[in-house]
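Following: one structure in structure tokens, then a few remarks.
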Amino acid sequence: MSEQKTDSAGGRSSNESVVAAYDDYVTPIWKSLNVPVERASGCTLEDADGNEYLDVFSGISVTNVGHGNEAVVDAAKEQLDTFVHGCSYVHPNEPVADLAERIAEVTPGDLQKSFFCNSGTEAVEGAIKLARKYTGSKEVIALEMGFHGRTLGSLALTGNKAYKQGMAPTINDVAHTAPPYGYRCPRCEGEQCDADCADELERVIGSHTSGDLAAVVVEPVMGEAGIIVPPEGWLERVQEITHDHGALLVLDEVQTGYGRTGELFASEHFDVEPDILTQAKGIANGLPLGAFTAPAEIADAFESGDHLSTFGGNPVACAAALATIDELQGGIVDDARERGEWLGDELAALEEEYGVVGQTRGLGLMWGVELVEPGTTGPQNVAPAPDADLAAAVSEHLREESNVVMGVGGYYKNVMRFQPPLTITRDQLEVALDGLRSALEAAT
Ligand SMILES: Cc1ncc(COP(=O)(O)O)c(C=O)c1O
């Protein structure tokens with residue numbers, strides 16, 4: 001018999017007991033920030049021992065309108081009381097119909113018809129299938145260092161060996177082109193990348209594919225790679241090359257969508273119109289929902305039976321998503337854009353203050369702080385060496401000394417990630433910045 005790990009009220013009694021149960025019963029793939037959560041509200045997390053933390057990571061960029069947002073919770077509760085499941089593709093229902101119509105209104109360009117699933121990786125998988133069906137072609141190109149999910153199709157697109165080790169083979173017919181990572185771009189030799197760097201795509205199509213191209217899949221701002229924002233004209237050039245080859249441009253906005261970058265969708269910062277847009281994470285503020293949306297002409301390439309998900313388009317999650325969009329459009333995104341500009345200036349100052357801050361970059365409330373070993377030469381000889389140990393130490397110091405939960409990411413695991421609920425106040429951002437400064441001082 002295993003030891004009893006719940007208190008008399010049926011709740012976990014302490015951080016220790018929650019972690020012990022994880023060790024015993026949860027498949028050991030979880031990468032913990034060491035803050036078991038008992039409750040959450042706004043930008044605050046409370047752990048099972050009653051400690052409070054400022055959350056500037058939003059459960060990997062998900063709770064965009066704040067933990068426990070009242071309007072979203074009320075909408076979900078109301079739908080829970082009405083009905084929970086009918087399989088959206090077997091029984092048409094209003095929450096799905098309303099959300100699909102709303103997404104058509106708020107997404108860029110001619111995007112019109114949505115397919116609903118439960119996660120980001122499913123959205124990407126479905127988008128690849130649709131692109132193949134519509135174009136009649138097979139091959140897909142994605143970016144080196146990009147991240148698109150962990151199921152085998154999305155994993156094939158993911159341009160990072162760390163996620164693939166021991167998992168091969170994934171799907172075939174995927175090639176990768178260079179990301180717009182100006183700080184470490186071998187082509188630009190230390191200068192900023194520009195639109196011309198996108199021409200690498202043309203070379204990759206010519207040398208690594210048969211030319212039978214269905215789609216080019218790109219994150220408009222690369223999240224897991226370390227918050228990489230493309231230079232002006234880069235994404236537009238990618239779109240041009242993609243279309244010249246008869247392929248579709250799939251923009252993966254799983255992480256950047258729903259207000260994260262200071263616009264409802266990051267594509268709006270650029271002069272591009274995605275042919276398919278993938279969404280998840282912030283769409284329903286934490287309820288599991290994913291989607292891909294395409295113009296009617298493309299979406300209609302799918303015939304009955306080509307794709308389905310039993311839980312996809314769950315009415316509770318769809319009701320929550322509708323309330324989330326209402327909240328975002330009620331001023332949260334505009335405020336986030338303004339606070340993000342202020343945060344960007346504050347972070348830029350860190351580059352001057354600390355030799356270990358190599359580059360800060362971002363849009364809206366999606367910012368990365370790349371930590372480096374000063375005075376060294378990094379990969380491809382273009383920037384100081386990434387310092388993943390420092391990033392881990394800074395994250396720990398933030399949590400232990402300042403009660404701030406901040407993510408660490410990046411291809412080299414050396415980027416501190418500011419991706420808070422968009423409702424975060426200037427005062428709360430100042431707390432996080434003070435914590436970051438004192439962590440940098442302590443760790444260096
Ligand atoms: C850009 C992007 N696409 C897809 C995914 C996969 O989403 P999920 O974890 O919901 O499957 C992620 C997750 O981080 C992501 O950032």
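Letters A, B, ... go to the chains of the structure tokens in the order shown; residues in each chain start at 1; ligands are counted from 1 in the same order.
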TODO: List all protein, DNA and RNA residues that have at least one atom no more than 7 Å from any atom of ligand 1, counting only C-alpha atoms and all ligand atoms, and write them as a list in words.
DONE: Ser119, Gly120, Thr121, Glu122, Val124, Phe147, His148, Gly149, Arg150, Glu219, Met222, Gly223, Glu224, Asp252, Glu253, Val254, Gln255, Ala280 and Lys281 of chain A
Dump C-alpha atoms for the selected residues as a JSON list (two decimals), in the first residue's frame?
[["chain", "number", "residue", "atom", "x", "y", "z"],
["A", 119, "SER", "CA", -3.68, 21.40, -28.00],
["A", 120, "GLY", "CA", -1.03, 23.21, -30.00],
["A", 121, "THR", "CA", 0.62, 20.13, -31.41],
["A", 122, "GLU", "CA", -2.72, 18.85, -32.74],
["A", 124, "VAL", "CA", 0.00, 21.98, -36.17],
["A", 147, "PHE", "CA", 9.23, 24.48, -31.83],
["A", 148, "HIS", "CA", 5.88, 23.10, -32.95],
["A", 149, "GLY", "CA", 5.02, 20.35, -30.46],
["A", 150, "ARG", "CA", 5.87, 16.84, -29.36],
["A", 219, "GLU", "CA", 6.39, 31.03, -35.70],
["A", 222, "MET", "CA", 9.94, 32.18, -32.11],
["A", 223, "GLY", "CA", 9.03, 31.28, -28.53],
["A", 224, "GLU", "CA", 10.92, 28.21, -27.32],
["A", 252, "ASP", "CA", 2.13, 28.87, -35.87],
["A", 253, "GLU", "CA", 0.64, 31.33, -33.39],
["A", 254, "VAL", "CA", 0.16, 28.77, -30.63],
["A", 255, "GLN", "CA", 2.43, 30.85, -28.40],
["A", 280, "ALA", "CA", -3.83, 27.06, -28.68],
["A", 281, "LYS", "CA", -2.30, 28.11, -25.32]]
TODO: Just the residues within 12 Å of Ala392 (chain A), please, counting only C-alpha atoms, with nothing from its chain fewer than 5 positions along; format it as a list of chain:residue names.
DONE: A:Ser32, A:Leu33, A:Leu371, A:Asp387, A:His397, A:Leu398, A:Arg399, A:Met406, A:Gly407, A:Val408, A:Gly409, A:Tyr412, A:Lys413, A:Asn414, A:Val415, A:Met416, A:Arg417, A:Ala439, A:Leu440, A:Ala443
Open item on the list: With only C-alpha atoms as the counted atoms, please give the residues lying no more than 7 Å from Val65 (chain A), apart from itself and same-chain residues fewer than 3 positions off, as a PyMOL selection string.
Closed with: chain A and resi 69+285+324+327-328+421-423
Task: Point-to-point distance in Å for CA of Ala100 (chain A) and CA of Val84 (chain A) - done: 17.9 Å
TODO: Rank A:Leu54, A:Val405, A:Leu433, A:Leu130 by their smallest atom-to-atom distance to Ala349 (chain A), using only C-alpha atoms, and report the top residue only.
DONE: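 Looking at the shortest contact to Ala349 (chain A), the residue is A:Leu433.
CA of Arg337 (chain A) is found 13.6 Å from CA of Leu429 (chain A).
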Can you tell me, as a tab-separated table (two decimals) with N, CA and C atoms, in the first residue's frame, which residues in region 139-278 of chain A count as strand (DSSP E or B) by DSSP?
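The resulting states17.tsv:
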chain	number	residue	atom	x	y	z
A	139	GLU	N	5.88	17.94	-49.18
A	139	GLU	CA	6.99	18.35	-48.32
A	139	GLU	C	6.68	19.61	-47.52
A	140	VAL	N	7.33	19.70	-46.37
A	140	VAL	CA	7.10	20.81	-45.46
A	140	VAL	C	8.46	21.37	-45.04
A	141	ILE	N	8.53	22.68	-44.92
A	141	ILE	CA	9.76	23.30	-44.42
A	141	ILE	C	9.44	24.07	-43.15
A	142	ALA	N	10.31	23.97	-42.17
A	142	ALA	CA	10.16	24.73	-40.93
A	142	ALA	C	11.52	25.37	-40.62
A	143	LEU	N	11.59	26.05	-39.48
A	143	LEU	CA	12.83	26.76	-39.14
A	143	LEU	C	13.69	25.94	-38.18
A	174	VAL	N	10.42	16.57	-44.37
A	174	VAL	CA	10.51	17.86	-43.69
A	174	VAL	C	11.95	18.36	-43.83
A	175	ALA	N	12.11	19.60	-44.25
A	175	ALA	CA	13.44	20.22	-44.29
A	175	ALA	C	13.40	21.46	-43.41
A	176	HIS	N	14.59	21.95	-43.04
A	176	HIS	CA	14.65	23.14	-42.17
A	176	HIS	C	15.50	24.23	-42.81
A	177	THR	N	15.06	25.46	-42.60
A	177	THR	CA	15.83	26.61	-43.08
A	177	THR	C	16.26	27.46	-41.87
A	213	LEU	N	6.30	21.01	-52.65
A	213	LEU	CA	6.19	21.70	-51.36
A	213	LEU	C	4.73	22.00	-50.98
A	214	ALA	N	4.31	21.51	-49.81
A	214	ALA	CA	2.94	21.78	-49.33
A	214	ALA	C	2.89	23.03	-48.46
A	215	ALA	N	3.89	23.22	-47.60
A	215	ALA	CA	3.79	24.32	-46.64
A	215	ALA	C	5.15	24.72	-46.09
A	216	VAL	N	5.22	25.98	-45.70
A	216	VAL	CA	6.33	26.47	-44.88
A	216	VAL	C	5.69	26.89	-43.56
A	217	VAL	N	6.20	26.32	-42.48
A	217	VAL	CA	5.61	26.55	-41.15
A	217	VAL	C	6.56	27.39	-40.32
A	218	VAL	N	6.05	28.52	-39.83
A	218	VAL	CA	6.92	29.49	-39.15
A	218	VAL	C	6.19	30.05	-37.93
A	222	MET	N	9.61	33.54	-32.56
A	222	MET	CA	9.94	32.18	-32.11
A	222	MET	C	9.99	32.14	-30.59
A	228	ILE	N	12.62	35.09	-30.42
A	228	ILE	CA	13.35	35.65	-31.56
A	228	ILE	C	12.38	36.38	-32.48
A	248	LEU	N	1.75	26.71	-49.05
A	248	LEU	CA	0.99	27.55	-48.12
A	248	LEU	C	1.89	28.02	-46.99
A	249	LEU	N	1.65	29.25	-46.54
A	249	LEU	CA	2.36	29.76	-45.38
A	249	LEU	C	1.51	29.46	-44.13
A	250	VAL	N	2.02	28.57	-43.29
A	250	VAL	CA	1.34	28.25	-42.03
A	250	VAL	C	2.03	29.05	-40.94
A	251	LEU	N	1.31	29.96	-40.31
A	251	LEU	CA	1.89	30.68	-39.18
A	251	LEU	C	1.44	30.00	-37.90
A	252	ASP	N	2.42	29.54	-37.14
A	252	ASP	CA	2.13	28.87	-35.87
A	252	ASP	C	2.07	29.94	-34.78
A	276	ILE	N	-2.78	29.40	-43.30
A	276	ILE	CA	-3.36	28.65	-42.17
A	276	ILE	C	-2.74	29.23	-40.90
A	277	LEU	N	-3.57	29.44	-39.90
A	277	LEU	CA	-3.09	29.99	-38.62
A	277	LEU	C	-3.39	28.98	-37.52
A	278	THR	N	-2.34	28.56	-36.80
A	278	THR	CA	-2.57	27.62	-35.69
A	278	THR	C	-2.64	28.38	-34.37
TODO: Point out the residue among A:Thr63, A:Gln380, A:Thr158, A:Gln428 with the least atom-to-atom distance to Ala321 (chain A), counting only C-alpha atoms.
DONE: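 Closest to Ala321 (chain A), using only C-alpha atoms: A:Thr63.
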TODO: Have a look at CA of Val221 (chain A) and CA of Cys197 (chain A) and let me know their distance in Å, one decimal.
DONE: 15.6 Å
Open item on the list: Give me, as a PyMOL selection string, the residues of region 193-395 of chain A that a backbone DSSP run labels alpha helix (DSSP H).
Closed with: chain A and resi 200-208+234-244+296-299+315-327+333-353+388-395
Open item on the list: Which residue is closest to Asp275 (chain A)? Choose from A:Lys113, A:Arg203, A:His208, A:Arg339 and count only C-alpha atoms.
Closed with: A:Lys113
Open item on the list: Nearest residue to Gly182 (chain A) out of A:Thr256, A:Thr293, A:Gln359, A:Gln329, using only C-alpha atoms?
Closed with: A:Gln359
Open item on the list: Using only C-alpha atoms, can you tell me which of A:Asn64, A:Asn160, A:Thr82, A:Ser154 comes closest to Ile332 (chain A)?
Closed with: A:Asn64
